[in-house]
2 protein chains.
Amino acid sequence: MSTKKLARGVALVGAGMSKFGAFKGKTSRDLFVEAFVEMLASVDKPFDPKSVDALYVGNYSSDLFENQGHTAPIMASWVGLTPIPAVRVEDACASAGVALREGILAIASGLCDIVVVGGVEKMTDLPTEKVTDTLATAADSQFEIPAGFTFPGFYAAMATSYMAAYGATPETFMKVGIKNHNHGSLNEKAQFGAKISTLMEVRKASAAKKGLPIPEWKDELEFLKDERANPIIAWPMRLYDCSPVSDGAAVVLLVSEELAAKFSDHPIFVAGVGQASDGALHDREELNSIPSARLAGQKAYEMAGIQPKDIDFAEVHDCFTIAEIIASEDLGFFEKGEGWKAAEAGETASSGKKPINLSGGLKSKGHPVGASGVGQVVEVWKQLRGQAGERQLPGKLKFGLTHNVGGTGQTCVVHIFERRD
Amino acid sequence: MSTKKLARGVALVGAGMSKFGAFKGKTSRDLFVEAFVEMLASVDKPFDPKSVDALYVGNYSSDLFENQGHTAPIMASWVGLTPIPAVRVEDACASAGVALREGILAIASGLCDIVVVGGVEKMTDLPTEKVTDTLATAADSQFEIPAGFTFPGFYAAMATSYMAAYGATPETFMKVGIKNHNHGSLNEKAQFGAKISTLMEVRKASAAKKGLPIPEWKDELEFLKDERANPIIAWPMRLYDCSPVSDGAAVVLLVSEELAAKFSDHPIFVAGVGQASDGALHDREELNSIPSARLAGQKAYEMAGIQPKDIDFAEVHDCFTIAEIIASEDLGFFEKGEGWKAAEAGETASSGKKPINLSGGLKSKGHPVGASGVGQVVEVWKQLRGQAGERQLPGKLKFGLTHNVGGTGQTCVVHIFERRD
């Protein structure tokens, strides 16, 4: 399993997404169409969708969420791409990131020149408790689930282990949530577009309106430490440490490097790709790091020929706030055990040295699980092209990274994108 | 969507499968391990599984069948392939064929040299009526299922249409079933390893033993026309026109063309690959042909630079007997409307001019849906290498074809394999 080069380069020339949220009455196909239409509008130069060679669709479990399998050709049909090959890729919450990698390989293989990669999930048709059960099928049904774990429990175990090892506290995690909500407040596509401070003021105003005692939270941390405002889900993970249950879709357009200029004034190139797998959580030597993320990151850096310090910003898989801190270490942005200090010091905020989750991350933007990996790429596309509006990072940006995890790291896939012009 | 060449060639250097059948107490992972171990033993020269670069797993719905998603890294873990990238591919009953194509693209892309591709499904844990519902999720849940269709109904509609158009009769379909059971009686891995004539004699003997009147079936056709022996499922499809509900797994090993001789004394090369998608059945212009199969076949032939007449034998997707006849036309083996005559004339039997489903096909060998596409390749591997035992075709064989369908053709994927030595 050595690091090899792609037989030919691949460029990103379009990206779009639906709004993420809870959309009663909309199905996966509706959301996919929304994202596809936005992707079409994002392509700088005119192109004929009939020239697309293949469609890849990341989707975790339309089977269980919508009682619909064989999703890829349905999506192809709804966006008018029939009869091209349509492939669904499933690797739990990393489904879309892995679909993206398959799309890249399809172009590198020589068999395709133009590929659409999307991700979609419609989760809110099920009652919330059934959603948690459905997501739990991404863990090991023979070993992990009978032990009583669902995902909040898994990540809570990682959080307690991390706290014990390095000195982080539940407040550390709250600060990650506050930061991502701040970022997401500038993202019109985010499911939760409000800052935590705004939510706090809303609660105060609501109490005042009802003539109830007004809670005396002096800041966001006090608000988040109050169990009435932020109930414990699986200690130390509270409500605002958990990404939400979401509906949404995201779609990107990839072309071979030679074609990039025909599609785009400012194409974004795929500089590095890395993916790795792992067994169940109980087989790990420690819980403070996700080995597949380290490996996937290493491979992506090697292919790109760069170091973690070269990354201008990253979208990482913050399904829970602890996951973002661990990711920031696994990806080499900070030393092991130092990620929580960097988070507390504001280094991962938009104003910091290594901005993480400018989109709001899964936490604030939403986490339609099979779409999230491509949703991350939409943010990278916008930031690298200077089109991220109010949340645009200043200065010239060259490298953006995405990090997409399935389960507790049974899958991790990392992509590095580069602007060359 | 033009036909392009792979950036580098790919060879098949190993293949194995579990027995197909109903295995109480076995899970997908057990079946996958069985197939993987047989694949390892089939490789001519010693090789280190640690050198494998990626795993692709075709699986239709472990979600619904076993309440287990994120199947690929679990399979990787159980066969000792962790931490390589592990990708689940889903395209209904074409899942494994599409996974195979992804494995081929991964090697052609330059990113992988050695790839394991498997398919697996464990269907018999659910009661039969729930299996039919689960399979129905491969159709369109918005349009097809509310109309009352499940898959026997879809294929029955195609069969009645085909009979009306071309003059085939229900007996035509029965003859396909008899032929595939004859073939399967020589396959030790088949779920139903008995000829229809044997089943008939067993029924007669059983009646005699119980002192009941012995049915006076003079031949297999009379047996199959008797509703007591062969009940109607969805007219004209009867029990013995339908592939069974099955558990099973199949695994193959692919390497880059340059490496083929290091792994195998008689490698089999991937000569052609084709895949296409389609919308729901009601959008088709006619029901007597599956457009995605025509298109996938064309692409595979173009890439291989050969004609249908050059194919020595084929494994086609006979989920229902009518499907085999339609496939034999869509793949260009016979003119449109002529496939049923060829079947009746014995041209598709092992002794005929264009042998189809020497393994017994899905009908007799079994149809663990997410495994079938790779199961077909196991037969091609054996036949082209002269290792098919009692069912070995005589003479020098050069080209074998596999045809794997998802739904009623919302996906079709065709592969052409070539022996060059």
# chains A, B, ... in the order shown; residues from 1 in each chain; ligands from 1

$ select_by_dssp --residues "range 264-304 of chain B" --states "helix (DSSP H, G or I)" --output "PyMOL selection string"
chain B and resi 281-283+291-304

$ write_last_selection --atoms "C-alpha atoms" --output "PDB file, in the first residue's frame"
ATOM      1  CA  LEU B 281     -39.618   1.016 -16.238  1.00  0.00           C
ATOM      2  CA  HIS B 282     -42.629   3.156 -17.168  1.00  0.00           C
ATOM      3  CA  ASP B 283     -40.372   5.603 -18.999  1.00  0.00           C
ATOM      4  CA  PRO B 291     -31.544  -0.160 -23.139  1.00  0.00           C
ATOM      5  CA  SER B 292     -28.820  -0.013 -20.478  1.00  0.00           C
ATOM      6  CA  ALA B 293     -27.795  -3.562 -21.384  1.00  0.00           C
ATOM      7  CA  ARG B 294     -27.541  -2.706 -25.063  1.00  0.00           C
ATOM      8  CA  LEU B 295     -25.449   0.340 -24.286  1.00  0.00           C
ATOM      9  CA  ALA B 296     -23.215  -1.376 -21.707  1.00  0.00           C
ATOM     10  CA  GLY B 297     -22.661  -4.249 -24.140  1.00  0.00           C
ATOM     11  CA  GLN B 298     -21.790  -1.901 -27.006  1.00  0.00           C
ATOM     12  CA  LYS B 299     -19.231  -0.083 -24.898  1.00  0.00           C
ATOM     13  CA  ALA B 300     -17.628  -3.285 -23.726  1.00  0.00           C
ATOM     14  CA  TYR B 301     -17.413  -4.647 -27.277  1.00  0.00           C
ATOM     15  CA  GLU B 302     -15.958  -1.379 -28.559  1.00  0.00           C
ATOM     16  CA  MET B 303     -13.303  -1.322 -25.878  1.00  0.00           C
ATOM     17  CA  ALA B 304     -12.447  -4.973 -26.501  1.00  0.00           C
TER      18      ALA B 304
END

$ closest_atom_pairs --of "chain A" --to "chain B" --cutoff "7 Å" --atoms "only C-alpha atoms" --output "tab-separated table"
residue	atom	partner	partner_atom	distance
A:Met1	CA	B:Asp53	CA	4.8
A:Lys4	CA	B:Leu111	CA	5.1
A:Lys5	CA	B:Leu111	CA	5.8
A:Leu6	CA	B:Gly110	CA	5.1
A:Ala7	CA	B:Gly110	CA	4.9
A:Ser51	CA	B:Met1	CA	5.8
A:Val52	CA	B:Met1	CA	6.3
A:Asp53	CA	B:Met1	CA	4.8
A:Asp63	CA	B:Asp63	CA	6.8
A:Leu64	CA	B:Leu64	CA	6.8
A:Asn67	CA	B:Thr137	CA	6.0
A:Gln68	CA	B:Thr137	CA	4.8
A:Gly69	CA	B:Ala138	CA	4.9
A:His70	CA	B:Ala138	CA	5.0
A:Pro73	CA	B:Ser277	CA	5.7
A:Ile74	CA	B:Gly279	CA	6.4
A:Ser77	CA	B:Gly279	CA	5.4
A:Thr82	CA	B:Asp278	CA	5.6
A:Pro83	CA	B:Ser277	CA	4.5
A:Ile84	CA	B:Ala276	CA	5.1
A:Pro85	CA	B:Ala276	CA	4.4
A:Ala86	CA	B:Ser277	CA	6.1
A:Val87	CA	B:Asp91	CA	6.3
A:Arg88	CA	B:Glu90	CA	5.2
A:Val89	CA	B:Val89	CA	4.8
A:Glu90	CA	B:Arg88	CA	5.2
A:Asp91	CA	B:His70	CA	5.1
A:Ala92	CA	B:His70	CA	5.1
A:Leu105	CA	B:Ser109	CA	5.4
A:Ala106	CA	B:Leu105	CA	5.8
A:Ala108	CA	B:Ser109	CA	4.5
A:Ser109	CA	B:Ser109	CA	3.7
A:Gly110	CA	B:Ala7	CA	5.0
A:Leu111	CA	B:Lys4	CA	5.1
A:Thr137	CA	B:Gln68	CA	4.8
A:Ala138	CA	B:Gly69	CA	4.9
A:Ser141	CA	B:Gln68	CA	6.0
A:Gln275	CA	B:Pro85	CA	5.3
A:Ala276	CA	B:Pro85	CA	4.4
A:Ser277	CA	B:Pro83	CA	4.5
A:Asp278	CA	B:Pro83	CA	5.3
A:Gly279	CA	B:Ser77	CA	5.4
A:Ser292	CA	B:Pro83	CA	7.0
A:Gln410	CA	B:Pro73	CA	5.9
A:Thr411	CA	B:Pro73	CA	6.8

$ residues_around --residues "Trp381 in chain B" --least-positions-apart "2" --cutoff "9 Å" --atoms "only C-alpha atoms" --output "ChimeraX atom specification"
/B:12-15,267-268,376-379,383-388,400,417

$ write_last_selection --atoms "N, CA and C atoms" --output "PDB file, in the first residue's frame"
ATOM      1  N   LEU B  12      -7.082 -10.275 -14.248  1.00  0.00           N
ATOM      2  CA  LEU B  12      -7.725 -11.057 -13.191  1.00  0.00           C
ATOM      3  C   LEU B  12      -6.772 -12.207 -12.886  1.00  0.00           C
ATOM      4  N   VAL B  13      -6.353 -12.321 -11.629  1.00  0.00           N
ATOM      5  CA  VAL B  13      -5.363 -13.349 -11.284  1.00  0.00           C
ATOM      6  C   VAL B  13      -5.812 -14.273 -10.148  1.00  0.00           C
ATOM      7  N   GLY B  14      -7.058 -14.111  -9.720  1.00  0.00           N
ATOM      8  CA  GLY B  14      -7.573 -15.012  -8.688  1.00  0.00           C
ATOM      9  C   GLY B  14      -9.069 -14.840  -8.558  1.00  0.00           C
ATOM     10  N   ALA B  15      -9.763 -15.899  -8.150  1.00  0.00           N
ATOM     11  CA  ALA B  15     -11.222 -15.826  -8.002  1.00  0.00           C
ATOM     12  C   ALA B  15     -11.694 -16.950  -7.102  1.00  0.00           C
ATOM     13  N   PRO B 267      -3.026 -15.675 -16.519  1.00  0.00           N
ATOM     14  CA  PRO B 267      -3.904 -14.561 -16.135  1.00  0.00           C
ATOM     15  C   PRO B 267      -5.006 -14.364 -17.177  1.00  0.00           C
ATOM     16  N   ILE B 268      -6.070 -13.770 -16.714  1.00  0.00           N
ATOM     17  CA  ILE B 268      -7.199 -13.447 -17.597  1.00  0.00           C
ATOM     18  C   ILE B 268      -7.264 -11.926 -17.666  1.00  0.00           C
ATOM     19  N   GLN B 376     -20.428 -14.296 -11.170  1.00  0.00           N
ATOM     20  CA  GLN B 376     -20.353 -14.581 -12.613  1.00  0.00           C
ATOM     21  C   GLN B 376     -18.902 -14.642 -13.083  1.00  0.00           C
ATOM     22  N   VAL B 377     -18.087 -13.757 -12.526  1.00  0.00           N
ATOM     23  CA  VAL B 377     -16.686 -13.680 -12.948  1.00  0.00           C
ATOM     24  C   VAL B 377     -15.914 -14.929 -12.503  1.00  0.00           C
ATOM     25  N   VAL B 378     -16.311 -15.486 -11.370  1.00  0.00           N
ATOM     26  CA  VAL B 378     -15.664 -16.719 -10.912  1.00  0.00           C
ATOM     27  C   VAL B 378     -15.830 -17.816 -11.974  1.00  0.00           C
ATOM     28  N   GLU B 379     -17.020 -17.901 -12.565  1.00  0.00           N
ATOM     29  CA  GLU B 379     -17.250 -18.911 -13.614  1.00  0.00           C
ATOM     30  C   GLU B 379     -16.387 -18.627 -14.848  1.00  0.00           C
ATOM     31  N   GLN B 383     -13.718 -21.204 -16.449  1.00  0.00           N
ATOM     32  CA  GLN B 383     -13.876 -21.690 -17.828  1.00  0.00           C
ATOM     33  C   GLN B 383     -12.671 -21.291 -18.689  1.00  0.00           C
ATOM     34  N   LEU B 384     -12.262 -20.028 -18.607  1.00  0.00           N
ATOM     35  CA  LEU B 384     -11.168 -19.573 -19.475  1.00  0.00           C
ATOM     36  C   LEU B 384      -9.848 -20.244 -19.111  1.00  0.00           C
ATOM     37  N   ARG B 385      -9.714 -20.686 -17.863  1.00  0.00           N
ATOM     38  CA  ARG B 385      -8.489 -21.364 -17.444  1.00  0.00           C
ATOM     39  C   ARG B 385      -8.617 -22.879 -17.494  1.00  0.00           C
ATOM     40  N   GLY B 386      -9.758 -23.366 -17.969  1.00  0.00           N
ATOM     41  CA  GLY B 386      -9.922 -24.820 -18.103  1.00  0.00           C
ATOM     42  C   GLY B 386     -10.066 -25.539 -16.775  1.00  0.00           C
ATOM     43  N   GLN B 387     -10.589 -24.824 -15.781  1.00  0.00           N
ATOM     44  CA  GLN B 387     -10.690 -25.401 -14.429  1.00  0.00           C
ATOM     45  C   GLN B 387     -12.135 -25.590 -13.982  1.00  0.00           C
ATOM     46  N   ALA B 388     -13.049 -25.727 -14.955  1.00  0.00           N
ATOM     47  CA  ALA B 388     -14.466 -25.788 -14.579  1.00  0.00           C
ATOM     48  C   ALA B 388     -14.959 -27.221 -14.383  1.00  0.00           C
ATOM     49  N   GLY B 400     -14.838 -14.527 -22.600  1.00  0.00           N
ATOM     50  CA  GLY B 400     -16.029 -14.769 -21.789  1.00  0.00           C
ATOM     51  C   GLY B 400     -16.620 -13.435 -21.367  1.00  0.00           C
ATOM     52  N   PHE B 417     -13.841 -10.624 -20.668  1.00  0.00           N
ATOM     53  CA  PHE B 417     -12.558 -11.148 -20.196  1.00  0.00           C
ATOM     54  C   PHE B 417     -11.901 -11.945 -21.314  1.00  0.00           C
TER      55      PHE B 417
END

$ atom_distance --atom1 "CA of Val251 in chain A" --atom2 "CA of Gln307 in chain A"
28.0 Å

$ residues_around --residues "Val79 in chain B" --least-positions-apart "5" --cutoff "9 Å" --atoms "only C-alpha atoms" --output "ChimeraX atom specification"
/B:29,32-33,36-37,74

$ write_last_selection --atoms "N, CA, C and O atoms" --output "CSV table (one decimal), in the first residue's frame"
chain,number,residue,atom,x,y,z
B,29,ARG,N,-20.1,-11.5,6.9
B,29,ARG,CA,-18.6,-11.6,7.1
B,29,ARG,C,-18.1,-13.0,7.0
B,29,ARG,O,-17.0,-13.3,6.4
B,32,PHE,N,-18.0,-13.9,3.3
B,32,PHE,CA,-16.9,-13.2,2.6
B,32,PHE,C,-15.6,-13.8,2.9
B,32,PHE,O,-14.8,-13.9,2.0
B,33,VAL,N,-15.4,-14.2,4.1
B,33,VAL,CA,-14.1,-14.9,4.5
B,33,VAL,C,-14.0,-16.2,3.7
B,33,VAL,O,-12.9,-16.5,3.1
B,36,PHE,N,-13.0,-15.3,0.2
B,36,PHE,CA,-11.7,-14.7,0.2
B,36,PHE,C,-10.6,-15.8,0.2
B,36,PHE,O,-9.6,-15.8,-0.5
B,37,VAL,N,-10.8,-16.7,1.1
B,37,VAL,CA,-9.9,-17.8,1.3
B,37,VAL,C,-9.8,-18.7,0.0
B,37,VAL,O,-8.7,-19.0,-0.4
B,74,ILE,N,-15.7,-3.4,7.5
B,74,ILE,CA,-15.8,-4.6,8.3
B,74,ILE,C,-15.3,-5.8,7.5
B,74,ILE,O,-14.5,-6.6,8.1

$ atom_distance --atom1 "CA of Ile196 in chain A" --atom2 "CA of His403 in chain A"
24.7 Å

$ residues_around --residues "Val131 in chain B" --least-positions-apart "5" --cutoff "8 Å" --atoms "only C-alpha atoms" --output "list in words"
Phe65, Met123, Thr124, Leu126 and Val245 of chain B

$ write_last_selection --atoms "all heavy atoms" --output "JSON list (two decimals), in the first residue's frame"
[["chain", "number", "residue", "atom", "x", "y", "z"],
["B", 65, "PHE", "N", -31.08, -6.09, 5.20],
["B", 65, "PHE", "CA", -31.03, -7.54, 5.42],
["B", 65, "PHE", "C", -30.43, -7.90, 6.79],
["B", 65, "PHE", "O", -30.83, -8.87, 7.42],
["B", 65, "PHE", "CB", -30.21, -8.23, 4.33],
["B", 65, "PHE", "CG", -30.93, -8.35, 3.02],
["B", 65, "PHE", "CD1", -30.38, -7.82, 1.85],
["B", 65, "PHE", "CD2", -32.14, -9.03, 2.93],
["B", 65, "PHE", "CE1", -31.04, -7.94, 0.63],
["B", 65, "PHE", "CE2", -32.80, -9.14, 1.70],
["B", 65, "PHE", "CZ", -32.24, -8.60, 0.55],
["B", 123, "MET", "N", -29.25, -12.88, 2.73],
["B", 123, "MET", "CA", -30.65, -12.51, 2.55],
["B", 123, "MET", "C", -31.62, -13.32, 3.39],
["B", 123, "MET", "O", -32.76, -12.90, 3.60],
["B", 123, "MET", "CB", -31.03, -12.69, 1.07],
["B", 123, "MET", "CG", -30.17, -11.87, 0.12],
["B", 123, "MET", "SD", -30.44, -12.28, -1.63],
["B", 123, "MET", "CE", -32.08, -11.59, -1.90],
["B", 124, "THR", "N", -31.20, -14.50, 3.84],
["B", 124, "THR", "CA", -32.19, -15.43, 4.39],
["B", 124, "THR", "C", -32.51, -15.24, 5.86],
["B", 124, "THR", "O", -33.26, -16.01, 6.43],
["B", 124, "THR", "CB", -31.76, -16.90, 4.15],
["B", 124, "THR", "OG1", -30.57, -17.16, 4.90],
["B", 124, "THR", "CG2", -31.52, -17.18, 2.69],
["B", 126, "LEU", "N", -34.16, -12.69, 6.86],
["B", 126, "LEU", "CA", -35.51, -12.12, 6.83],
["B", 126, "LEU", "C", -36.51, -13.17, 6.34],
["B", 126, "LEU", "O", -36.17, -14.04, 5.54],
["B", 126, "LEU", "CB", -35.57, -10.94, 5.86],
["B", 126, "LEU", "CG", -34.78, -9.67, 6.21],
["B", 126, "LEU", "CD1", -35.04, -8.60, 5.14],
["B", 126, "LEU", "CD2", -35.17, -9.15, 7.57],
["B", 245, "VAL", "N", -33.85, -16.82, -3.23],
["B", 245, "VAL", "CA", -33.30, -15.96, -2.17],
["B", 245, "VAL", "C", -32.08, -16.68, -1.62],
["B", 245, "VAL", "O", -32.17, -17.85, -1.25],
["B", 245, "VAL", "CB", -34.36, -15.73, -1.07],
["B", 245, "VAL", "CG1", -33.76, -15.00, 0.12],
["B", 245, "VAL", "CG2", -35.56, -15.00, -1.64]]

$ select_by_dssp --residues "range 149-298 of chain A" --states "strand (DSSP E or B)" --output "PyMOL selection string"
chain A and resi 232-234+237-238+242+247-256+268-277

$ closest_residue --among "B:Val120, B:Met163, B:Leu397, B:Ala11" --to "Ala249 in chain B" --atoms "only C-alpha atoms"
B:Val120

$ closest_residue --among "A:Gly25, A:Pro244, A:Gly272, A:Gly337" --to "Ser161 in chain A" --atoms "only C-alpha atoms"
A:Gly337

$ atom_distance --atom1 "CA of Glu338 in chain B" --atom2 "CA of Ile290 in chain B"
15.2 Å

$ closest_residue --among "B:Phe20, B:Phe173, B:Phe269, B:Trp340" --to "Tyr155 in chain B" --atoms "only C-alpha atoms"
B:Phe173

$ residues_around --residues "Lys218 in chain A" --least-positions-apart "5" --cutoff "12 Å" --atoms "only C-alpha atoms" --output "ChimeraX atom specification"
/A:197,200-201,204,223-226
